[in-house]
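Have a look at the structure below, then the notes.
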Amino acid sequence: MEFSAQQIADIIQGKVEGDPDVRISYVSKIEEGKKGTLSFLANPKYTQYIYHTEASIVLVNNDFKPEKTIIPTLIRVENAYTAFAHLLEVYNRIKLNKTGISKKAHIADSAKIGANVYIGEFAFIGDNAVISDNTKIYPQVYVGDNVHIGEGTTLFAGVKIYSDNFIGRDCILHAGVVIGSDGFGFAPQEDNHYKKVSQIGNVVIEDEVEIGSNTTVDRATLGSTFIRKGAKIDNLVQIAHNVEIGENTVIAALSGISGSTRIGKNCMFGGQVGVIGHISIADDVKVAAQSGIGKNVMTKGEILQGSPAFEISKYRKSYIHFRNLSEIKTKLEELENHIRELKQPDRS
Amino acid sequence: MEFSAQQIADIIQGKVEGDPDVRISYVSKIEEGKKGTLSFLANPKYTQYIYHTEASIVLVNNDFKPEKTIIPTLIRVENAYTAFAHLLEVYNRIKLNKTGISKKAHIADSAKIGANVYIGEFAFIGDNAVISDNTKIYPQVYVGDNVHIGEGTTLFAGVKIYSDNFIGRDCILHAGVVIGSDGFGFAPQEDNHYKKVSQIGNVVIEDEVEIGSNTTVDRATLGSTFIRKGAKIDNLVQIAHNVEIGENTVIAALSGISGSTRIGKNCMFGGQVGVIGHISIADDVKVAAQSGIGKNVMTKGEILQGSPAFEISKYRKSYIHFRNLSEIKTKLEELENHIRELKQPDRS
Amino acid sequence: MEFSAQQIADIIQGKVEGDPDVRISYVSKIEEGKKGTLSFLANPKYTQYIYHTEASIVLVNNDFKPEKTIIPTLIRVENAYTAFAHLLEVYNRIKLNKTGISKKAHIADSAKIGANVYIGEFAFIGDNAVISDNTKIYPQVYVGDNVHIGEGTTLFAGVKIYSDNFIGRDCILHAGVVIGSDGFGFAPQEDNHYKKVSQIGNVVIEDEVEIGSNTTVDRATLGSTFIRKGAKIDNLVQIAHNVEIGENTVIAALSGISGSTRIGKNCMFGGQVGVIGHISIADDVKVAAQSGIGKNVMTKGEILQGSPAFEISKYRKSYIHFRNLSEIKTKLEELENHIRELKQPDRS
């Protein structure tokens, strides 16, 4: 996207000094500015660069007084840094506001496509899929048969949604997310090999959920795996079959929730947390990074650490002693010596 | 896919009450039933919903006696829940039984394509690739040059297989799996930078292996990385270069096996387990979630926990004491006081 | 790719014995050789197989003397194993030297495409993207708007690069890598739900960086997430928003670096390491696998282990005592008994 100096000045309510028609399509640091980019000068430390920068436009504070000739077009604003951030925000909104359905996408005849939808190149929309109004489906996304995508939801490039899954409104699924792959279920046979257990449930993702890149959510064996309204899941997280993630619960990267576990509302899990299967975790529970939850957590609001995890302040005390175990061991040996002396006083 | 009430009744050997031609394409809970969906009523607690549901078809037990007017078509069966599960199973089989080669796929002239194959839209099949009979290659899959895909194997959407790798019969690779990316091998140079070591081996995946979504398996530096027959690997697992995973070994999500390590048959690894490189693990070994294996495990059937891991019952005992380290420390201090007293009795 | 015996002999400076025009397109072990494959015989233990192998060409040492009739064409060289490895290396170079722009790729009119570029089928190149000379973009890659790809860089199948990100020269990004997904930033609201914080920065990847398959790098909230020159990141690693990874730093699989953390040069992190946000780690620091870094590491060259991590030799000592905690507990109880006796001597 290209913008002229005048267009930018209009957005940030600034005043153009120089060529109002000069155009930029990218931003740069002032010290690395190139033709066709926009920079800003907020910190006086960087003032020197404005006389040499090749940037086409520079945002400056109203009170900036050049001491030498300046080549780029200037846009004067109250606060150059705030204006720059605001500009990026507007740019981001425009950038993400793609529309139009590419002829290079594959859309099944039986799919229902809403109004004001973006479907990018090489996207696949399966039979009877429902793509609601205002959804954005980036290139190379796979939407299997009978999938429902709610209004205003964005699927970034390469998201894969197996058939029969349900995604609510205003969700964001980042690149590489996989929804509805088979749960990890195998019945052991007598000769040590495993027989696959059919995974015939699905995944239901409620409204306003955000899921980070390359995270995987398995379909239920029977019934549904649920991600409740407003939950936020980071990158590279594994959500197993029949799990339920409660409303507004936040799970950081590389965590894994095992099959059939139910996590309450408003929980916060750090990165690389593991939770075993078939347990329940109460609302408002917080779990420190790298911890492992091995049994039910019944008390609302508990804060846990360790593998297996227990109450965080106790964990921290135990861990301090763990760090000093050599010293504890030494003291113990000293005591043994003292006692040996005390018990055999005549030897001395 | 759409089914009529009569078609469904034929599959589950039920009796239609109502319109045998009404059609459904999706299932729903009875309390959330919508036109075009099929529900079931098994639990008497839910009987009230059958009088209001908008579902087009409801499966009911033979002995169900309506007390009010019912709008949906009923199908009566011995056991509505079992019949519903059976129906999903049949549906799943039909659903996964895709065939046909899309004109929107790219298939190299030199590739050999077997009989009864499904190749979806935007799939790429490289030079001299062999796609055996009855394989299913979903949209957006990448099969590099010289790759062999065995009979009856399924590659779900977006699987990426680098060139020269071998996949056996009846395997299932879930969405986003990467097979044959370069091993992580770099030779340190004097100025601290690294020189890439060419990774010119490949990956061999034997028959009946299932690999979960977004899992990665690196090619060997030289020779092959092996995943032996019947092994089951969960989502987001890392298998490094030159690793060998034994027959029927099961590895849960987010685990990582480092380069050149050899894991025996029938092992079971919990989630987030790590194994260092260049070691051997015996058959039938079990490793608790979040454990780290730092040296050879020679004894068949050992069960391990901890990071680094040791015998699980010992780990658990140590961990109980770890939880009580504050108390142990306190006792130690008391003993020190007692001994101080005992050694200086005259002071008292 | 097919090669004749004579072509191969020319590459490895060998001498053909048999049909110089026989062609192979694959390699095999001698005991599993099939028509159209090349094998080698280096270890005398395998000599028996050369009389039965169906391989079309076998590399043998100059001094190999057949004792029976041999069907495959032989190529004699000084050292058959070295020649085989060299051949794979050459093959690898040829194999990876793809060129040409597929008509099945989607390339925006405004994108700038350099010389000698490979762009595979179903790749997407967005508006104003810059694809420099000698880059290789495999099938199904997504390059968003305004992305810069430096000279000689390779993006393997299915890499996804969001808009506005910068990739330097001679980088290798493996299949499924995601660059520039949104940082995990949410502002908590009074009713427990979260408001998304716009992520309007980008990712800058400097020259000679290699990133393993399915690794994710989030864009900065404002500014840039940096991966400095020569850094090597393994598979399934999470790099959060505004992180900086220093030059020539190596991070093994399944590790996660939290937001705004700065890691120095020449560091080495084992697998499954976690680092919390907003800290700094000095140059040359080494971290053992599965460790967690919870605070600044100021000392250059420190070696750390544990979760939270501390100096590795201290960790190892503590861990030995942890393994023996049952014994320590028992000793403590014995001492308590002794002291009880000592304090009540008249009872005995």
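Naming works like this for the structure tokens: A, B, ... for the chains as they're shown, residue 1 at the start of each chain, ligands 1 onward in shown order.
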Residue contacts of Asp145 in chain A (9 Å, only C-alpha atoms) excluding same-chain residues fewer than 6 positions away, as a ChimeraX atom specification: /A:108,111,125-129,162-165 /B:1,95
Prev. selection, all heavy atoms, output as an mmCIF file, in the first residue's frame:
```
data_model
loop_
_atom_site.group_PDB
_atom_site.id
_atom_site.type_symbol
_atom_site.label_atom_id
_atom_site.label_comp_id
_atom_site.auth_asym_id
_atom_site.auth_seq_id
_atom_site.Cartn_x
_atom_site.Cartn_y
_atom_site.Cartn_z
ATOM 1 N N ALA A 108 -16.286 -25.048 -2.732
ATOM 2 C CA ALA A 108 -17.286 -26.049 -3.128
ATOM 3 C C ALA A 108 -18.603 -25.361 -3.452
ATOM 4 O O ALA A 108 -18.961 -24.360 -2.815
ATOM 5 C CB ALA A 108 -17.472 -27.057 -2.000
ATOM 6 N N ALA A 111 -20.910 -24.788 -0.551
ATOM 7 C CA ALA A 111 -20.508 -23.910 0.554
ATOM 8 C C ALA A 111 -21.348 -22.630 0.525
ATOM 9 O O ALA A 111 -21.732 -22.167 -0.545
ATOM 10 C CB ALA A 111 -19.026 -23.567 0.436
ATOM 11 N N ILE A 125 -12.322 -24.382 0.393
ATOM 12 C CA ILE A 125 -13.545 -24.349 1.212
ATOM 13 C C ILE A 125 -14.381 -25.568 0.816
ATOM 14 O O ILE A 125 -14.797 -25.696 -0.336
ATOM 15 C CB ILE A 125 -14.363 -23.061 0.948
ATOM 16 C CG1 ILE A 125 -13.476 -21.801 1.003
ATOM 17 C CG2 ILE A 125 -15.542 -22.972 1.903
ATOM 18 C CD1 ILE A 125 -12.941 -21.429 2.349
ATOM 19 N N GLY A 126 -14.617 -26.452 1.777
ATOM 20 C CA GLY A 126 -15.241 -27.742 1.474
ATOM 21 C C GLY A 126 -16.760 -27.700 1.364
ATOM 22 O O GLY A 126 -17.404 -26.652 1.560
ATOM 23 N N ASP A 127 -17.338 -28.861 1.109
ATOM 24 C CA ASP A 127 -18.782 -29.000 0.936
ATOM 25 C C ASP A 127 -19.537 -28.546 2.180
ATOM 26 O O ASP A 127 -19.204 -28.921 3.312
ATOM 27 C CB ASP A 127 -19.136 -30.477 0.678
ATOM 28 C CG ASP A 127 -18.764 -30.905 -0.730
ATOM 29 O OD1 ASP A 127 -18.754 -30.052 -1.642
ATOM 30 O OD2 ASP A 127 -18.465 -32.104 -0.900
ATOM 31 N N ASN A 128 -20.592 -27.771 1.929
ATOM 32 C CA ASN A 128 -21.499 -27.353 3.001
ATOM 33 C C ASN A 128 -20.832 -26.515 4.086
ATOM 34 O O ASN A 128 -21.412 -26.331 5.165
ATOM 35 C CB ASN A 128 -22.176 -28.569 3.656
ATOM 36 C CG ASN A 128 -23.028 -29.335 2.658
ATOM 37 O OD1 ASN A 128 -23.870 -28.741 1.988
ATOM 38 N ND2 ASN A 128 -22.794 -30.627 2.523
ATOM 39 N N ALA A 129 -19.636 -26.052 3.820
ATOM 40 C CA ALA A 129 -19.008 -25.149 4.780
ATOM 41 C C ALA A 129 -19.796 -23.838 4.810
ATOM 42 O O ALA A 129 -20.355 -23.426 3.798
ATOM 43 C CB ALA A 129 -17.555 -24.881 4.392
ATOM 44 N N TYR A 162 -10.172 -29.296 9.963
ATOM 45 C CA TYR A 162 -10.766 -30.553 9.509
ATOM 46 C C TYR A 162 -12.289 -30.409 9.432
ATOM 47 O O TYR A 162 -12.855 -29.470 10.014
ATOM 48 C CB TYR A 162 -10.429 -31.671 10.492
ATOM 49 C CG TYR A 162 -9.033 -32.249 10.420
ATOM 50 C CD1 TYR A 162 -7.907 -31.453 10.573
ATOM 51 C CD2 TYR A 162 -8.823 -33.616 10.232
ATOM 52 C CE1 TYR A 162 -6.627 -32.006 10.543
ATOM 53 C CE2 TYR A 162 -7.555 -34.172 10.200
ATOM 54 C CZ TYR A 162 -6.463 -33.354 10.353
ATOM 55 O OH TYR A 162 -5.197 -33.904 10.326
ATOM 56 N N SER A 163 -12.942 -31.353 8.809
ATOM 57 C CA SER A 163 -14.389 -31.292 8.596
ATOM 58 C C SER A 163 -15.163 -31.297 9.920
ATOM 59 O O SER A 163 -14.693 -31.794 10.945
ATOM 60 C CB SER A 163 -14.832 -32.473 7.751
ATOM 61 O OG SER A 163 -14.470 -33.659 8.394
ATOM 62 N N ASP A 164 -16.356 -30.698 9.884
ATOM 63 C CA ASP A 164 -17.351 -30.790 10.955
ATOM 64 C C ASP A 164 -17.023 -29.974 12.198
ATOM 65 O O ASP A 164 -17.675 -30.151 13.239
ATOM 66 C CB ASP A 164 -17.582 -32.256 11.380
ATOM 67 C CG ASP A 164 -18.127 -33.102 10.240
ATOM 68 O OD1 ASP A 164 -19.093 -32.661 9.604
ATOM 69 O OD2 ASP A 164 -17.578 -34.175 9.978
ATOM 70 N N ASN A 165 -16.035 -29.086 12.128
ATOM 71 C CA ASN A 165 -15.725 -28.277 13.296
ATOM 72 C C ASN A 165 -16.436 -26.927 13.236
ATOM 73 O O ASN A 165 -16.888 -26.486 12.191
ATOM 74 C CB ASN A 165 -14.213 -28.084 13.424
ATOM 75 C CG ASN A 165 -13.538 -29.409 13.708
ATOM 76 O OD1 ASN A 165 -13.838 -30.051 14.705
ATOM 77 N ND2 ASN A 165 -12.680 -29.857 12.802
ATOM 78 N N MET B 1 -22.165 -33.773 3.042
ATOM 79 C CA MET B 1 -22.950 -34.941 2.628
ATOM 80 C C MET B 1 -24.344 -34.900 3.234
ATOM 81 O O MET B 1 -24.503 -34.557 4.394
ATOM 82 C CB MET B 1 -22.251 -36.215 3.106
ATOM 83 C CG MET B 1 -21.170 -36.706 2.130
ATOM 84 S SD MET B 1 -20.334 -38.157 2.807
ATOM 85 C CE MET B 1 -19.447 -37.429 4.181
ATOM 86 N N LYS B 95 -16.905 -40.212 5.165
ATOM 87 C CA LYS B 95 -16.302 -38.882 5.066
ATOM 88 C C LYS B 95 -14.831 -38.963 4.663
ATOM 89 O O LYS B 95 -14.338 -38.147 3.876
ATOM 90 C CB LYS B 95 -16.412 -38.221 6.445
ATOM 91 C CG LYS B 95 -15.948 -36.815 6.535
ATOM 92 C CD LYS B 95 -16.130 -36.315 7.959
ATOM 93 C CE LYS B 95 -14.974 -36.708 8.852
ATOM 94 N NZ LYS B 95 -15.134 -36.229 10.237
#
```
Filtered DSSP result for range 114-210 of chain C, state strand (DSSP E or B), as a PyMOL selection string: chain C and resi 118-119+124-125+130-131+136-137+142-143+148-149+154-155+160-161+166-167+172-173+178-181+186-188+194-196+202-205+210
Kindly provide the residues of chain A that approach chain B to within 8 Å, each paired with its closest atom pair and their distance in Å to one decimal, based on only C-alpha atoms, listed by chain and increasing number, as a tab-separated table.
```
residue	atom	partner	partner_atom	distance
A:His106	CA	B:Glu121	CA	7.3
A:Phe122	CA	B:Phe122	CA	6.4
A:Phe124	CA	B:Glu121	CA	7.3
A:Asp127	CA	B:Met1	CA	7.5
A:Asn128	CA	B:Met1	CA	7.7
A:Gln140	CA	B:Gln140	CA	7.1
A:Tyr142	CA	B:Ala157	CA	6.9
A:Asn146	CA	B:Tyr26	CA	7.4
A:Gly158	CA	B:Gly158	CA	7.6
A:Lys160	CA	B:Ala157	CA	6.7
A:Asp164	CA	B:Tyr26	CA	7.9
A:Gly176	CA	B:Gly176	CA	7.0
A:Val178	CA	B:Ala175	CA	6.6
A:Ser181	CA	B:His174	CA	6.5
A:Asp182	CA	B:Gly212	CA	7.8
A:Phe184	CA	B:Asp234	CA	6.3
A:Asn192	CA	B:Asn248	CA	6.7
A:His193	CA	B:Asn248	CA	5.5
A:Tyr194	CA	B:Gly230	CA	7.1
A:Ser198	CA	B:Glu89	CA	7.0
A:Ile200	CA	B:Leu88	CA	6.1
A:Asn214	CA	B:Asn214	CA	6.8
A:Thr216	CA	B:Ser213	CA	6.6
A:Leu222	CA	B:Ala85	CA	7.7
A:Leu236	CA	B:Leu236	CA	7.3
A:Gln238	CA	B:Asn235	CA	6.9
A:Leu254	CA	B:Leu254	CA	7.3
A:Gly256	CA	B:Ala253	CA	7.1
A:Gly274	CA	B:Gln272	CA	7.3
A:Gly292	CA	B:Gln290	CA	7.4
A:Ser307	CA	B:Gln290	CA	7.6
A:Lys314	CA	B:Arg323	CA	7.4
A:Tyr315	CA	B:Arg323	CA	7.0
A:Lys317	CA	B:Ser326	CA	6.7
A:Ser318	CA	B:Leu325	CA	5.3
A:Tyr319	CA	B:Phe322	CA	7.9
A:His321	CA	B:Leu325	CA	6.3
A:Phe322	CA	B:Phe322	CA	7.3
A:Ile328	CA	B:Lys329	CA	7.4
A:Leu332	CA	B:Leu332	CA	7.3
A:Leu335	CA	B:Glu336	CA	6.9
A:His338	CA	B:Ile339	CA	7.4
A:Ile339	CA	B:Ile339	CA	7.5
A:Leu342	CA	B:Lys343	CA	7.4
```
Give me a file of those residues, with C-alpha atoms, as a PDB file, in the first residue's frame.
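The resulting file, part.pdb, is shown below:
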```pdb
ATOM      1  CA  HIS A 106     -11.344 -23.536  -4.464  1.00  0.00           C
ATOM      2  CA  PHE A 122      -5.256 -21.413  -2.952  1.00  0.00           C
ATOM      3  CA  PHE A 124      -9.928 -24.570   0.014  1.00  0.00           C
ATOM      4  CA  ASP A 127     -18.782 -29.000   0.936  1.00  0.00           C
ATOM      5  CA  ASN A 128     -21.499 -27.353   3.001  1.00  0.00           C
ATOM      6  CA  GLN A 140      -3.701 -21.575   1.570  1.00  0.00           C
ATOM      7  CA  TYR A 142      -8.093 -25.361   4.420  1.00  0.00           C
ATOM      8  CA  ASN A 146     -19.396 -28.867   7.076  1.00  0.00           C
ATOM      9  CA  GLY A 158      -2.288 -21.931   6.090  1.00  0.00           C
ATOM     10  CA  LYS A 160      -6.182 -26.116   8.575  1.00  0.00           C
ATOM     11  CA  ASP A 164     -17.351 -30.790  10.955  1.00  0.00           C
ATOM     12  CA  GLY A 176      -0.452 -22.950  10.752  1.00  0.00           C
ATOM     13  CA  VAL A 178      -4.682 -27.079  13.082  1.00  0.00           C
ATOM     14  CA  SER A 181      -7.057 -33.460  13.914  1.00  0.00           C
ATOM     15  CA  ASP A 182      -7.702 -36.864  15.458  1.00  0.00           C
ATOM     16  CA  PHE A 184      -4.503 -39.508  20.259  1.00  0.00           C
ATOM     17  CA  ASN A 192       1.730 -54.885  21.564  1.00  0.00           C
ATOM     18  CA  HIS A 193       0.396 -53.162  18.495  1.00  0.00           C
ATOM     19  CA  TYR A 194      -2.327 -50.547  18.745  1.00  0.00           C
ATOM     20  CA  SER A 198     -12.111 -43.610  15.682  1.00  0.00           C
ATOM     21  CA  ILE A 200     -15.768 -38.991  15.507  1.00  0.00           C
ATOM     22  CA  ASN A 214       1.025 -23.690  14.807  1.00  0.00           C
ATOM     23  CA  THR A 216      -3.105 -27.798  17.495  1.00  0.00           C
ATOM     24  CA  LEU A 222     -17.180 -38.473  20.762  1.00  0.00           C
ATOM     25  CA  LEU A 236       2.607 -24.142  19.675  1.00  0.00           C
ATOM     26  CA  GLN A 238      -1.432 -28.728  22.253  1.00  0.00           C
ATOM     27  CA  LEU A 254       4.335 -24.750  24.300  1.00  0.00           C
ATOM     28  CA  GLY A 256      -0.062 -29.108  26.586  1.00  0.00           C
ATOM     29  CA  GLY A 274       1.658 -29.660  31.152  1.00  0.00           C
ATOM     30  CA  GLY A 292       3.022 -29.994  35.605  1.00  0.00           C
ATOM     31  CA  SER A 307       6.368 -30.783  38.394  1.00  0.00           C
ATOM     32  CA  LYS A 314       5.760 -23.631  49.357  1.00  0.00           C
ATOM     33  CA  TYR A 315       7.411 -24.603  46.082  1.00  0.00           C
ATOM     34  CA  LYS A 317      10.685 -22.301  49.831  1.00  0.00           C
ATOM     35  CA  SER A 318      11.414 -25.923  48.993  1.00  0.00           C
ATOM     36  CA  TYR A 319      13.389 -24.817  45.958  1.00  0.00           C
ATOM     37  CA  HIS A 321      16.401 -25.458  50.307  1.00  0.00           C
ATOM     38  CA  PHE A 322      16.996 -27.595  47.193  1.00  0.00           C
ATOM     39  CA  ILE A 328      22.144 -29.268  54.522  1.00  0.00           C
ATOM     40  CA  LEU A 332      23.808 -33.368  58.845  1.00  0.00           C
ATOM     41  CA  LEU A 335      25.725 -33.449  63.567  1.00  0.00           C
ATOM     42  CA  HIS A 338      28.940 -34.508  67.193  1.00  0.00           C
ATOM     43  CA  ILE A 339      26.563 -37.238  68.272  1.00  0.00           C
ATOM     44  CA  LEU A 342      28.664 -37.340  72.608  1.00  0.00           C
TER      45      LEU A 342
END
```
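Picture a line from CA of Gly144 in chain B to CA of Gly114 in chain B; it runs 16.8 Å.
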Near-Gln13 in chain A list (12 Å; only C-alpha atoms; drop same-chain fewer than 3 positions) as a PyMOL selection string: chain A and resi 5-10+16+59+62+75-80+82-84+86-87
Among range 102-329 of chain A, which residues does DSSP mark as alpha helix (DSSP H) when it is run on the backbone? Keep the chain and numbering as in the structure and answer as a PDB file with N, CA, C and O atoms, in the first residue's frame.
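Writing the result to out.pdb gives the following:
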```pdb
ATOM      1  N   ILE A 312       2.485 -22.330  45.245  1.00  0.00           N
ATOM      2  CA  ILE A 312       3.705 -21.694  44.730  1.00  0.00           C
ATOM      3  C   ILE A 312       4.655 -21.203  45.820  1.00  0.00           C
ATOM      4  O   ILE A 312       5.875 -21.334  45.686  1.00  0.00           O
ATOM      5  N   SER A 313       4.129 -20.664  46.951  1.00  0.00           N
ATOM      6  CA  SER A 313       5.055 -20.139  47.962  1.00  0.00           C
ATOM      7  C   SER A 313       5.794 -21.303  48.635  1.00  0.00           C
ATOM      8  O   SER A 313       6.969 -21.192  48.977  1.00  0.00           O
ATOM      9  N   LYS A 314       5.088 -22.442  48.810  1.00  0.00           N
ATOM     10  CA  LYS A 314       5.760 -23.631  49.357  1.00  0.00           C
ATOM     11  C   LYS A 314       6.810 -24.150  48.383  1.00  0.00           C
ATOM     12  O   LYS A 314       7.901 -24.575  48.771  1.00  0.00           O
ATOM     13  N   TYR A 315       6.447 -24.155  47.089  1.00  0.00           N
ATOM     14  CA  TYR A 315       7.411 -24.603  46.082  1.00  0.00           C
ATOM     15  C   TYR A 315       8.672 -23.752  46.165  1.00  0.00           C
ATOM     16  O   TYR A 315       9.791 -24.268  46.162  1.00  0.00           O
ATOM     17  N   ARG A 316       8.471 -22.448  46.248  1.00  0.00           N
ATOM     18  CA  ARG A 316       9.643 -21.567  46.236  1.00  0.00           C
ATOM     19  C   ARG A 316      10.531 -21.776  47.457  1.00  0.00           C
ATOM     20  O   ARG A 316      11.755 -21.750  47.354  1.00  0.00           O
ATOM     21  N   LYS A 317       9.879 -22.009  48.633  1.00  0.00           N
ATOM     22  CA  LYS A 317      10.685 -22.301  49.831  1.00  0.00           C
ATOM     23  C   LYS A 317      11.455 -23.610  49.645  1.00  0.00           C
ATOM     24  O   LYS A 317      12.644 -23.689  49.929  1.00  0.00           O
ATOM     25  N   SER A 318      10.748 -24.637  49.200  1.00  0.00           N
ATOM     26  CA  SER A 318      11.414 -25.923  48.993  1.00  0.00           C
ATOM     27  C   SER A 318      12.568 -25.775  48.009  1.00  0.00           C
ATOM     28  O   SER A 318      13.639 -26.367  48.181  1.00  0.00           O
ATOM     29  N   TYR A 319      12.353 -24.952  46.982  1.00  0.00           N
ATOM     30  CA  TYR A 319      13.389 -24.817  45.958  1.00  0.00           C
ATOM     31  C   TYR A 319      14.626 -24.113  46.503  1.00  0.00           C
ATOM     32  O   TYR A 319      15.759 -24.450  46.143  1.00  0.00           O
ATOM     33  N   ILE A 320      14.425 -23.146  47.422  1.00  0.00           N
ATOM     34  CA  ILE A 320      15.588 -22.497  48.070  1.00  0.00           C
ATOM     35  C   ILE A 320      16.396 -23.539  48.836  1.00  0.00           C
ATOM     36  O   ILE A 320      17.611 -23.591  48.746  1.00  0.00           O
ATOM     37  N   HIS A 321      15.694 -24.406  49.571  1.00  0.00           N
ATOM     38  CA  HIS A 321      16.401 -25.458  50.307  1.00  0.00           C
ATOM     39  C   HIS A 321      17.078 -26.429  49.353  1.00  0.00           C
ATOM     40  O   HIS A 321      18.185 -26.907  49.612  1.00  0.00           O
ATOM     41  N   PHE A 322      16.405 -26.719  48.202  1.00  0.00           N
ATOM     42  CA  PHE A 322      16.996 -27.595  47.193  1.00  0.00           C
ATOM     43  C   PHE A 322      18.336 -27.023  46.726  1.00  0.00           C
ATOM     44  O   PHE A 322      19.334 -27.746  46.603  1.00  0.00           O
ATOM     45  N   ARG A 323      18.356 -25.709  46.507  1.00  0.00           N
ATOM     46  CA  ARG A 323      19.599 -25.073  46.066  1.00  0.00           C
ATOM     47  C   ARG A 323      20.699 -25.222  47.112  1.00  0.00           C
ATOM     48  O   ARG A 323      21.878 -25.230  46.783  1.00  0.00           O
ATOM     49  N   LEU A 325      21.009 -27.833  49.234  1.00  0.00           N
ATOM     50  CA  LEU A 325      21.026 -29.204  49.761  1.00  0.00           C
ATOM     51  C   LEU A 325      22.435 -29.662  50.153  1.00  0.00           C
ATOM     52  O   LEU A 325      22.597 -30.408  51.117  1.00  0.00           O
ATOM     53  N   SER A 326      23.443 -29.189  49.422  1.00  0.00           N
ATOM     54  CA  SER A 326      24.814 -29.584  49.768  1.00  0.00           C
ATOM     55  C   SER A 326      25.140 -29.129  51.189  1.00  0.00           C
ATOM     56  O   SER A 326      25.728 -29.869  51.978  1.00  0.00           O
ATOM     57  N   GLU A 327      24.737 -27.922  51.508  1.00  0.00           N
ATOM     58  CA  GLU A 327      24.975 -27.359  52.835  1.00  0.00           C
ATOM     59  C   GLU A 327      24.195 -28.146  53.906  1.00  0.00           C
ATOM     60  O   GLU A 327      24.721 -28.443  54.984  1.00  0.00           O
ATOM     61  N   ILE A 328      22.959 -28.474  53.596  1.00  0.00           N
ATOM     62  CA  ILE A 328      22.144 -29.268  54.522  1.00  0.00           C
ATOM     63  C   ILE A 328      22.806 -30.611  54.785  1.00  0.00           C
ATOM     64  O   ILE A 328      22.933 -31.068  55.921  1.00  0.00           O
ATOM     65  N   LYS A 329      23.288 -31.234  53.708  1.00  0.00           N
ATOM     66  CA  LYS A 329      23.947 -32.532  53.828  1.00  0.00           C
ATOM     67  C   LYS A 329      25.192 -32.406  54.715  1.00  0.00           C
ATOM     68  O   LYS A 329      25.433 -33.243  55.598  1.00  0.00           O
TER      69      LYS A 329
END
```
Test item: residues at most 10 Å from Pro66 in chain A, only C-alpha atoms, excluding those fewer than 3 positions along its chain, as a VMD selection string: chain A and resid 47 to 48 50 to 51 63 69 to 70
Selection: 10 Å around Asn43 in chain A, only C-alpha atoms, excl. self and same-chain fewer than 5 positions, as JSON, numbers by chain: {"A": [60, 61, 80, 81]}
Give me the residues near Lys34 in chain C as a compact mmCIF listing (two decimals) with N, CA, C and O atoms, in the first residue's frame, where near means some atom within 8 Å (using only C-alpha atoms) and where sequence neighbours in that chain fewer than 6 positions away do not count.
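Wrote it out as selection12.txt, contents follow:
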```
# COMPACT_ATOMS: atom_id res chain seq x y z
N SER C 28 20.01 -46.89 -2.56
CA SER C 28 19.47 -47.94 -1.70
C SER C 28 20.61 -48.60 -0.95
O SER C 28 21.78 -48.46 -1.31
N THR C 53 22.04 -58.45 -5.30
CA THR C 53 21.34 -57.15 -5.29
C THR C 53 20.72 -56.85 -6.65
O THR C 53 21.28 -57.19 -7.69
N GLU C 54 19.57 -56.18 -6.61
CA GLU C 54 18.93 -55.77 -7.86
C GLU C 54 19.27 -54.31 -8.20
O GLU C 54 18.76 -53.76 -9.17
N ALA C 55 20.12 -53.70 -7.37
CA ALA C 55 20.54 -52.32 -7.65
C ALA C 55 21.16 -52.25 -9.04
O ALA C 55 21.81 -53.20 -9.50
N SER C 56 20.99 -51.15 -9.73
CA SER C 56 21.49 -51.04 -11.10
C SER C 56 22.98 -50.68 -11.14
O SER C 56 23.69 -51.04 -12.05
```
Test item: residues at most 8 Å from Val204 in chain B, only C-alpha atoms, excluding those fewer than 2 positions along its chain, as a VMD selection string: chain B and resid 165 to 168 202 206 224 to 227
CA of Glu244 in chain B to CA of Thr154 in chain B, distance in Å rounded to a single decimal: 22.0 Å
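Note that CA of Ser39 in chain A and CA of His148 in chain C are 18.0 Å apart.
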